[in-house]
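Notes to accompany the following structure.
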Amino acid sequence: MTTRVERRRLLEEAGFNVFLLHSEDVLLDFLTDSGTSAMSAAQWAGMQRGDESYAGSPSYYRFESAVQEIFGFEHVIPTHQGRAAERILFTTTCRPDDVVPSNTHFDTTRANVEAVGARAVDLPCPEGLKPAESHPFKGNMDVDRLEALFRDEGSDRIPLVMLTVTNNSGGGQPVSMENVRAVAEVCRRHGTPLFIDACRFAENAYFIRLREPGYENTSVRVIAREMFDLADGCTMSAKKDGLANIGGFLALRDPELARSQRNLLILTEGFPTYGGLAGRDLEAIAIGLEEVLQEDYLDYRLASVRYLGERIAAGGVPIMQPPGGHAVYIDAAALLPHVPPVEFPGQTVVAELYLEGGIRGVEVGSVMFGRHNAETGEEEPARMELVRLALPRRVYTQSHVDYAVESILAFAGRRENVGGFRFSEQQPVLRHFTARFAPLYDLG
Ligand SMILES: *Cc1c(COP(=O)(O)O)cnc(C)c1O
């Protein structure tokens, strides 16, 4: 617990960037649900039997069969995180000037596409861009625009299509099975592989069960498998629905592609049976992937997020409707209409929630996805100004969430008195992690 005066000083020392705070100075940490899960007794027990053989460890084979059984892909390539899987995937599939469409690329995904000289294109469905409007599957890809992109670019410029489930940057919103099927059909017609960014596959599968007609009585395991059966491979961050603190993988059907990817893996991550992870990490992931499919867990998980979202919405805070699987997204542009996008209303909300209650969220707006135009010196804003409050899995209780609701509503009550921010320092890639800011108003 810190006082407001302490938080004011700590925030200033961190350049008003909450990524640069010490986590001990944060009371409720909603920065991310990535790697922040509490591991279960079974996972800790699994870690005790981790086998640290360099090659051919039994821990790898347990991990491999868990992935094969749930995801159905034959080739399983462990990586230290999801982004390493992305880097290997795009390095082995993309050439400069290629185009990689997605419903919405996650920030590291976009950065890895761009790092190999290709272009990352977001094709969210129209409903996904209207925060206030409820729709059961706002994470869907716009299939007509995907068709148009194939027409405009030609299939040889599009080495693969990505589909992010749930759509993290698009508000943690689910993708329907119908949409996965439609996207897969377009891909098949053009002979283009479909890869799923599977970070929150279990949450997405549970949403399908809850919301998509015909799936009411299908288990999430079967739904998940049906999703992956429509795809050619996936990238995965085990720090999300792997319920682990570190890890990821790339999994696919194509043996030739897998061979070249394993070569790159050896160069940058490690031998193919550990890929940048310890044997004990592979055990934790294998067990986490099973646990995350437990429907009582998923029921509680989605209910917790919905509870936070519904409570602050009832208090007049505009949020992305309906609440997503892992996070509630505050619509900062609607909450602070007097702060223009180039003054980063989301950054204001993030700073103010820390000042108010020691709560750490993350801006998902023009700081993260906007661009600094070096020629004009101007900021080009993003499409939406959101603030994500991500709930770590199996960590917080309802009383923590109640405290968060009180703090958020207290800030919302004095929203007229806040202004915006400007960058005082920024880097050309993934600038939100390291940037420093200066406020354009008196923070008190
Ligand atoms: C977290 C995440 C990634 C990257 O995974 P890391 O393990 O953080 O490298 C990719 N895509 C999505 C949708 C994510 O949420």
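Simple scheme: letters A, B, ... for chains in structure tokens order, numbers from 1 for residues in each chain, numbers from 1 for ligands in the order shown.
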query = Can you list, as a ChimeraX atom specification, every protein, DNA or RNA residue that comes within 7 Å of stretch 346-351 of chain A when you count only C-alpha atoms, leaving out same-chain residues fewer than 4 positions away?
reply = /A:16,332,355,360-363,365,385-387,420-421
Distance table requested - stretch 252-280 of chain A against stretch 62-81 of chain A, cut-off 6 Å, only C-alpha atoms: one row per qualifying residue with the closest atom pair and its distance in Å to one decimal, ordered by chain and rising residue number, as a tab-separated table.
```
residue	atom	partner	partner_atom	distance
A:Leu252	CA	A:Phe73	CA	5.1
A:Arg253	CA	A:Phe73	CA	5.5
A:Gly275	CA	A:Thr79	CA	4.8
A:Gly276	CA	A:His80	CA	4.8
A:Leu277	CA	A:His80	CA	5.6
```
key: Env. residues ligand 1 / 8 Å / only C-alpha atoms and all ligand atoms / as a ChimeraX atom specification   = /A:34-35,80-86,105-109,164-169,197-200,235-240,246-248
task = as a VMD selection string, please: all residues of stretch 62-175 of chain A that backbone DSSP puts in helix (DSSP H, G or I).
result = chain A and resid 62 to 71 82 to 93 107 to 115 126 to 129 143 to 153 155 to 157
task = Please give the complete set of residues from stretch 253-438 of chain A that DSSP, run on the backbone, assigns to strand (DSSP E), formatted as a PyMOL selection string.
result = chain A and resi 327-331+359-360+362-364+371-373+378-380+386-390+421-425+436-438
ask   = Excluding same-chain residues fewer than 5 positions from A:Val186, what lies within 8 Å of it counting only C-alpha atoms, as JSON, numbers by chain?
value = {"A": [143, 146, 147]}
inquiry  = When you count only C-alpha atoms, which of these residues is closest to A:Pro96: A:Ile285, A:Val116, A:Leu409, A:Met141?
reply    =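 Closest residue, counting only C-alpha atoms: A:Val116.
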key: Closest of A:Phe423, A:Phe19, A:Tyr403, A:Tyr297 to A:Ile312 - atom-to-atom distances counting only C-alpha atoms   =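 Closest to A:Ile312 of all the choices is A:Tyr403.
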ask   = Separation of atom CA of A:Pro392 and atom CA of A:Leu31, in Å?
value =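 According to the coordinates, atom CA of A:Pro392 and atom CA of A:Leu31 are separated by 8.8 Å.
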note = Using only C-alpha atoms, the best pick from A:Ala390, A:Ile408, A:Val305, A:Val5 as closest to A:Ser37 would be A:Ala390
key: Distance in Å - atom CA of A:Arg394 versus atom CA of A:Ala38   =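 Atom-to-atom, atom CA of A:Arg394 and atom CA of A:Ala38 are spaced 5.5 Å apart.
Taking only C-alpha atoms into account, A:Ser366 lies nearest to A:Met384 out of the set A:Ile158, A:Ala258, A:Met384, A:Ala42.
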task = May I ask which of the residues A:Asp232, A:Asp156, A:Asp281, A:Glu256 is the closest one to A:Asp98, counting only C-alpha atoms?
result = A:Asp156
inquiry  = Just want the 10 Å neighbourhood of A:Leu28, counted on only C-alpha atoms, with same-chain residues fewer than 4 positions away dropped. Output as a ChimeraX atom specification.
reply    = /A:1,23,354,357-361,391,396,400-401,403-404
Two-atom distance - atom CA of A:Ala410, atom CA of A:Leu353 (Å) =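 These two atoms are separated by 9.3 Å.
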ask   = Smallest atom-to-atom distance to A:Glu153: which of A:Asp33, A:Ser40, A:Val100, A:Pro136, using only C-alpha atoms?
value =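 Answer, going by the shortest atom-to-atom distance: A:Val100.
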